[in-house]
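Printed here is coords20.txt (compact mmCIF, C-alpha atoms and all ligand atoms):
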```txt
# COMPACT_ATOMS: atom_id res chain seq x y z
CA MET A 262 -81.67 23.05 -34.19
CA THR A 263 -81.29 22.82 -37.98
CA TRP A 264 -84.32 23.38 -40.18
CA LEU A 265 -84.21 19.73 -41.13
CA ALA A 266 -84.35 18.57 -37.55
CA LYS A 267 -87.14 21.03 -36.83
CA ALA A 268 -89.20 19.90 -39.78
CA ARG A 269 -88.71 16.28 -38.83
CA PHE A 270 -89.72 17.04 -35.30
CA SER A 271 -92.98 18.74 -36.19
CA PHE A 272 -93.89 16.16 -38.84
CA LEU A 273 -93.33 13.51 -36.30
CA PHE A 274 -95.66 15.12 -33.85
CA LEU A 275 -98.61 16.09 -35.97
CA PRO A 276 -100.43 12.80 -36.60
CA ILE A 277 -99.67 11.58 -33.11
CA LEU A 278 -101.05 14.65 -31.47
CA ILE A 279 -104.26 14.67 -33.46
CA GLU A 280 -104.77 11.05 -32.56
CA ALA A 281 -104.00 11.76 -28.92
CA ALA A 282 -106.41 14.69 -28.87
CA VAL A 283 -109.30 12.59 -30.14
CA GLU A 284 -108.47 9.69 -27.87
CA GLY A 285 -108.07 11.96 -24.86
CA LEU A 286 -111.34 13.70 -25.52
CA VAL A 287 -113.25 10.43 -25.74
CA LYS A 288 -111.66 9.31 -22.48
CA ALA A 289 -112.39 12.62 -20.83
CA LEU A 290 -116.02 12.55 -21.89
CA ALA A 291 -116.43 9.00 -20.67
CA GLY A 292 -115.07 9.90 -17.24
CA GLY A 293 -116.30 13.48 -17.23
CA SER A 294 -118.59 13.29 -14.23
CA THR A 295 -115.81 14.08 -11.76
CA CYS A 296 -115.20 17.42 -13.48
CA SER A 297 -118.57 19.08 -13.40
CA TYR A 298 -117.56 22.46 -14.74
CA THR A 299 -113.94 22.20 -15.81
CA ASP A 300 -113.59 22.38 -19.55
CA ILE A 301 -112.02 19.00 -19.93
CA SER A 302 -111.36 19.48 -23.64
CA SER A 303 -108.48 21.77 -22.67
CA LEU A 304 -106.62 18.83 -21.20
CA VAL A 305 -104.99 17.21 -24.19
CA PRO A 306 -104.26 20.53 -25.92
CA ALA A 307 -102.51 21.51 -22.69
CA ALA A 308 -100.24 18.48 -22.94
CA GLU A 309 -99.82 18.96 -26.68
CA ALA A 310 -98.67 22.51 -26.27
CA PHE A 311 -96.33 21.62 -23.47
CA ILE A 312 -94.63 18.38 -24.49
CA PRO A 313 -93.06 19.38 -27.86
CA LYS A 314 -91.70 22.59 -26.32
CA PHE A 315 -90.25 20.65 -23.42
CA TYR A 316 -88.46 18.07 -25.57
CA ASN A 317 -87.28 20.72 -28.02
CA ALA A 318 -85.74 22.54 -25.06
CA ILE A 319 -84.10 19.32 -23.87
CA ASN A 320 -82.68 18.53 -27.33
CA ASP A 321 -81.47 22.12 -27.68
CA LEU A 322 -79.93 22.19 -24.18
CA GLN A 323 -81.97 25.26 -23.36
CA PRO A 324 -82.54 26.35 -19.75
CA LEU A 325 -85.38 24.23 -18.37
CA GLY A 326 -86.27 26.11 -15.18
CA ALA A 327 -89.40 27.72 -16.63
CA PHE A 328 -90.96 24.29 -17.24
CA TYR A 329 -91.01 23.32 -13.56
CA THR A 330 -93.01 24.27 -10.47
CA SER A 331 -89.86 25.80 -8.98
CA SER A 332 -90.52 28.77 -11.30
CA CYS A 333 -93.76 29.57 -9.40
CA GLU A 334 -93.29 30.72 -5.80
CA LYS A 335 -96.78 29.44 -4.90
CA TYR A 336 -95.32 25.95 -4.92
CA THR A 337 -93.25 25.48 -1.83
CA THR A 338 -91.96 21.96 -2.43
CA PRO A 339 -89.43 21.43 -5.23
CA PRO A 340 -90.38 19.40 -8.31
CA SER A 341 -89.52 15.73 -8.24
CA ILE A 342 -87.17 14.67 -11.05
CA THR A 343 -86.24 11.01 -11.41
CA ILE A 344 -84.06 9.96 -14.32
CA ASN A 345 -83.41 6.25 -14.78
CA GLY A 346 -84.04 5.63 -11.10
CA HIS A 347 -81.84 8.50 -9.90
CA VAL A 348 -83.55 11.25 -7.95
CA LEU A 349 -82.10 14.60 -8.98
CA GLU A 350 -82.04 17.42 -6.44
CA ASP A 351 -83.17 20.17 -8.75
CA VAL A 352 -83.59 21.29 -12.34
CA SER A 353 -79.99 22.47 -12.65
CA LYS A 354 -78.81 18.90 -11.94
CA PHE A 355 -80.99 17.66 -14.78
CA GLU A 356 -79.60 20.36 -17.10
CA PHE A 357 -76.10 19.31 -16.08
CA CYS A 358 -76.85 15.65 -16.88
CA LEU A 359 -78.21 16.55 -20.30
CA LYS A 360 -75.16 18.72 -21.07
CA THR A 361 -72.76 16.02 -19.95
CA GLN A 362 -74.54 13.32 -21.89
CA SER A 363 -74.38 15.34 -25.10
CA ASN A 364 -70.89 16.80 -24.55
CA GLY A 365 -72.45 20.26 -24.53
CA LEU A 366 -73.52 19.92 -28.17
CA THR A 367 -77.13 20.68 -29.03
CA ASN A 368 -79.18 18.05 -30.84
CA ARG A 369 -76.57 15.40 -30.18
CA VAL A 370 -78.88 13.47 -27.92
CA VAL A 371 -82.32 13.73 -29.50
CA HIS A 372 -85.58 12.70 -27.88
CA GLU A 373 -88.33 11.94 -30.37
CA VAL A 374 -91.83 11.58 -29.00
CA GLN A 375 -93.81 8.73 -30.52
CA SER A 376 -96.91 8.61 -28.39
CA LEU A 377 -98.58 10.88 -25.92
CA ASP A 378 -101.52 10.34 -23.64
CA ALA A 379 -103.00 12.52 -20.95
CA GLN A 380 -105.49 12.01 -18.16
CA VAL A 381 -106.75 13.95 -15.18
CA LEU A 382 -104.99 12.98 -11.99
CA ASN A 383 -106.73 15.36 -9.59
CA PRO A 384 -109.84 17.15 -10.92
CA LYS A 385 -109.76 19.66 -8.06
CA TYR A 386 -106.14 20.65 -7.71
CA ILE A 387 -105.83 23.68 -5.43
CA ASN A 388 -102.35 23.33 -3.92
CA GLY A 389 -100.94 26.88 -3.87
CA ALA A 390 -103.99 28.26 -5.71
CA PRO A 391 -105.15 31.84 -5.18
CA ASP A 392 -108.36 32.25 -3.11
CA TRP A 393 -110.60 32.94 -6.09
CA VAL A 394 -109.57 29.62 -7.64
CA VAL A 395 -110.20 27.79 -4.36
CA GLN A 396 -113.69 29.35 -4.25
CA GLN A 397 -114.39 28.39 -7.84
CA VAL A 398 -113.40 24.81 -7.17
CA ALA A 399 -115.48 24.66 -3.98
CA SER A 400 -118.57 26.08 -5.69
CA THR A 401 -121.19 23.48 -6.55
CA THR A 402 -122.80 25.69 -9.18
CA GLY A 403 -119.61 26.52 -11.03
CA PRO A 404 -117.97 29.89 -11.61
CA SER A 405 -120.27 32.81 -12.24
CA GLY A 406 -117.80 35.04 -14.07
CA PRO A 407 -117.01 35.06 -17.79
CA ALA A 408 -115.22 32.04 -19.27
CA LYS A 409 -111.90 33.88 -19.46
CA ASP A 410 -111.86 34.12 -15.66
CA ARG A 411 -112.25 30.40 -15.17
CA VAL A 412 -109.29 28.20 -14.61
CA ASP A 413 -108.62 24.49 -15.00
CA ALA A 414 -107.60 23.61 -11.48
CA LEU A 415 -106.34 20.17 -12.44
CA SER A 416 -103.31 18.04 -12.20
CA ILE A 417 -102.67 16.09 -15.37
CA MET A 418 -100.70 12.88 -15.84
CA VAL A 419 -98.98 12.80 -19.22
CA GLN A 420 -97.50 9.56 -20.47
CA VAL A 421 -94.93 9.85 -23.22
CA THR A 422 -93.08 7.15 -25.09
CA GLY A 423 -90.38 7.80 -27.65
CA LEU A 424 -86.93 7.15 -28.93
CA VAL A 425 -83.65 8.69 -27.75
CA LYS A 426 -81.03 8.91 -30.46
CA TYR A 427 -77.39 9.44 -29.60
CA GLY A 428 -74.95 11.15 -31.93
CA HIS A 429 -75.13 11.51 -35.70
CA SER A 430 -76.37 8.58 -37.75
CA THR A 431 -72.90 8.51 -39.34
CA ASP A 432 -71.15 8.26 -35.98
CA ARG A 433 -70.29 4.56 -35.62
CA GLU A 434 -69.20 4.93 -32.01
CA ALA A 435 -72.49 6.42 -30.88
CA PRO A 436 -74.61 4.08 -28.74
CA PRO A 437 -77.68 2.62 -30.47
CA PRO A 438 -81.01 4.43 -30.02
CA ARG A 439 -83.18 3.44 -27.08
CA ASN A 440 -86.86 3.60 -26.39
CA PHE A 441 -87.88 5.71 -23.45
CA SER A 442 -90.95 6.10 -21.34
CA GLU A 443 -91.73 9.17 -19.32
CA HIS A 444 -94.47 10.12 -16.86
CA ILE A 445 -94.96 13.81 -16.26
CA VAL A 446 -97.40 15.38 -13.81
CA LEU A 447 -98.47 18.86 -14.90
CA VAL A 448 -100.06 21.33 -12.50
CA PRO A 449 -101.35 24.85 -13.15
CA ASN A 450 -98.95 27.77 -13.12
CA TRP A 451 -100.83 30.02 -10.68
CA ASN A 452 -98.82 32.99 -11.93
CA ALA A 453 -100.33 32.52 -15.39
CA VAL A 454 -104.01 32.65 -14.42
CA GLY A 455 -106.41 35.43 -13.52
CA LYS A 456 -106.31 39.17 -13.96
CA ASN A 457 -102.72 39.66 -12.85
CA ALA A 458 -101.38 36.82 -14.98
CA GLN A 459 -97.78 37.06 -16.14
CA ARG A 460 -97.66 37.69 -19.86
CA GLY A 461 -96.23 34.80 -21.80
CA GLY A 462 -95.95 32.64 -18.69
CA ARG A 463 -96.32 28.89 -19.09
CA ARG A 464 -99.82 27.72 -18.33
CA TRP A 465 -98.65 24.34 -16.94
CA LEU A 466 -95.63 23.32 -14.93
CA ILE A 467 -93.96 20.00 -14.18
CA GLN A 468 -94.47 18.87 -10.62
CA SER A 469 -93.06 15.43 -11.12
CA GLU A 470 -91.13 13.70 -13.86
CA ILE A 471 -90.07 10.07 -14.13
CA PHE A 472 -87.91 9.25 -17.13
CA ARG A 473 -86.62 5.84 -18.06
CA ALA A 474 -84.58 4.75 -21.05
CA LEU A 475 -85.68 1.17 -21.83
C1 LIG B 1 -88.66 0.34 -29.42
O1 LIG B 1 -89.91 -0.28 -29.18
C2 LIG B 1 -90.51 -0.83 -30.33
C3 LIG B 1 -91.89 -1.30 -29.94
O2 LIG B 1 -91.87 -2.07 -28.78
C4 LIG B 1 -89.62 -1.92 -30.88
O3 LIG B 1 -90.20 -2.47 -32.04
C5 LIG B 1 -88.27 -1.33 -31.22
O4 LIG B 1 -87.40 -2.34 -31.66
C6 LIG B 1 -87.67 -0.64 -30.02
N1 LIG B 1 -86.46 0.06 -30.42
C7 LIG B 1 -85.34 0.00 -29.74
C8 LIG B 1 -84.24 0.81 -30.29
O5 LIG B 1 -85.20 -0.69 -28.74
```
Show me, as structure tokens, the structure contained in the file I just sent.
Amino acid sequence: MTWLAKARFSFLFLPILIEAAVEGLVKALAGGSTCSYTDISSLVPAAEAFIPKFYNAINDLQPLGAFYTSSCEKYTTPPSITINGHVLEDVSKFEFCLKTQSNGLTNRVVHEVQSLDAQVLNPKYINGAPDWVVQQVASTTGPSGPAKDRVDALSIMVQVTGLVKYGHSTDREAPPPRNFSEHIVLVPNWNAVGKNAQRGGRRWLIQSEIFRAL
């Protein structure tokens, strides 16, 4: 990615994300009763941290495996990836599609996020969770340990809308840009929580992704 593209990307995100954070927090507080002890304010920051990295990786044709539940052995079913109505078998198929679409050139097909929203899908998500997380979630009084030992056992639905641009602006043969809408379900990376957490591991992983160019 050139510096120009990078700068444009982060400028593009900043106001949107601040807006999304405030909006998400208000929503979360309004519906907070289902999450008695989960720190709900971590929800939108979780999506904020994840989404720009994910689309940067897509635009850069980077390996995407680490973004999906298939990178955590605690999840036994593969992630669900649906692109324009086509169900892809695995992450490598998606990578292949992206490479093909952009002729193997990075930042040739560029996804720009224009809006982002996040909400809790399941406030007590324990699929594949280690026992101590299951106990925390089952506890009516909340976790007794220090805050750093608590975990947001949630699944989060992230809704993204944006624009896909094809080719350089000077390339007359490139197809016109298209709006897209994407729904992503994020679940905890169980390898990134607790005392034995992987260093630098992603906190959230994609369990399901539905992308549509409009
Ligand atoms: C994308 O959506 C916006 C808002 O609905 C619309 O104004 C714009 O023309 C659309 N752009 C494309 C390229 O379809």
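Atom CA of Leu349 of chain A is found 13.3 Å from atom CA of Tyr329 of chain A.
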From A:Asn452, A:Gln375, A:Gln380, A:Ser469, residue lying nearest ligand LIG 1 (chain B) [all atoms listed in the file]: A:Gln375
Straight-line distance linking atom C2 of ligand LIG 1 (chain B) with atom CA of Pro437 of chain A, stated in Å to one decimal: 13.3 Å
Which of A:Pro391, A:Pro436, A:Pro339, A:Gly428 sits closest to ligand LIG 1 (chain B) [using all atoms listed in the file]: A:Pro436
Contacts of ligand LIG 1 (chain B), 6 Å or closer, only C-alpha atoms and all ligand atoms, given as a ChimeraX atom specification: /A:438-440
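What separates atom CA of Gly346 of chain A from atom CA of Ala474 of chain A is a distance of 10.0 Å.
Only residues having an atom at most 6 Å from (-83.3, 23.8, -14.5) are included; using all atoms listed in the file, these are Pro324, Leu325, Gly326, Val352, Ser353 and Glu356 of chain A.
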Among the residues A:Ala318, A:Val371, A:Leu359, A:Val454, the one that comes closest to His429 of chain A [using only C-alpha atoms]: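 Result for the nearest residue to His429 of chain A: A:Val371.
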As a PDB file with C-alpha atoms, in the frame of the given file, please: the residues near Trp451 of chain A (cut-off 8 Å, all atoms listed in the file, same-chain neighbours under 4 positions excluded).
```
ATOM      1  CA  CYS A 333     -93.760  29.570  -9.400  1.00  0.00           C
ATOM      2  CA  LYS A 335     -96.780  29.440  -4.900  1.00  0.00           C
ATOM      3  CA  GLY A 389    -100.940  26.880  -3.870  1.00  0.00           C
ATOM      4  CA  ALA A 390    -103.990  28.260  -5.710  1.00  0.00           C
ATOM      5  CA  PRO A 391    -105.150  31.840  -5.180  1.00  0.00           C
TER       6      PRO A 391
END
```
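Residues lying within 12 Å of Asp392 of chain A, counting all atoms listed in the file and ignoring same-chain neighbours fewer than 5 positions away, are Ile387, Gln397, Val398, Ala399, Trp451 and Gly455 of chain A.
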Given all atoms listed in the file as the counted atoms, nearest of A:Pro313, A:Pro384, A:Lys456, A:Glu443 to Asn345 of chain A: A:Glu443
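Residues within 10 Å of Asn317 of chain A, counting only C-alpha atoms and excluding same-chain residues fewer than 2 positions away, are Met262, Lys267, Phe270, Ile312, Pro313, Lys314, Phe315, Ile319, Asn320, Asp321, Leu322, Gln323, Asn368, Val371, His372 and Glu373 of chain A.
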With all atoms listed in the file counted, which protein, DNA or RNA residues have an atom no more than 9 Å from (-86.7, 14.3, -11.2) in the file frame? Please answer as a short mmCIF file (atom, residue, chain, number, x, y, z; two decimals) with C-alpha atoms, in the frame of the given file.
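Saved result, selection39.cif, follows:
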```
data_model
loop_
_atom_site.label_atom_id
_atom_site.label_comp_id
_atom_site.auth_asym_id
_atom_site.auth_seq_id
_atom_site.Cartn_x
_atom_site.Cartn_y
_atom_site.Cartn_z
CA PRO A 340 -90.38 19.40 -8.31
CA SER A 341 -89.52 15.73 -8.24
CA ILE A 342 -87.17 14.67 -11.05
CA THR A 343 -86.24 11.01 -11.41
CA ILE A 344 -84.06 9.96 -14.32
CA HIS A 347 -81.84 8.50 -9.90
CA VAL A 348 -83.55 11.25 -7.95
CA LEU A 349 -82.10 14.60 -8.98
CA GLU A 350 -82.04 17.42 -6.44
CA ASP A 351 -83.17 20.17 -8.75
CA VAL A 352 -83.59 21.29 -12.34
CA PHE A 355 -80.99 17.66 -14.78
CA SER A 469 -93.06 15.43 -11.12
CA GLU A 470 -91.13 13.70 -13.86
CA ILE A 471 -90.07 10.07 -14.13
CA PHE A 472 -87.91 9.25 -17.13
#
```
Nearest to Ser363 of chain A by atom-to-atom distance, counting only C-alpha atoms, from A:Gln468, A:Val446, A:Ala435, A:Leu424: A:Ala435
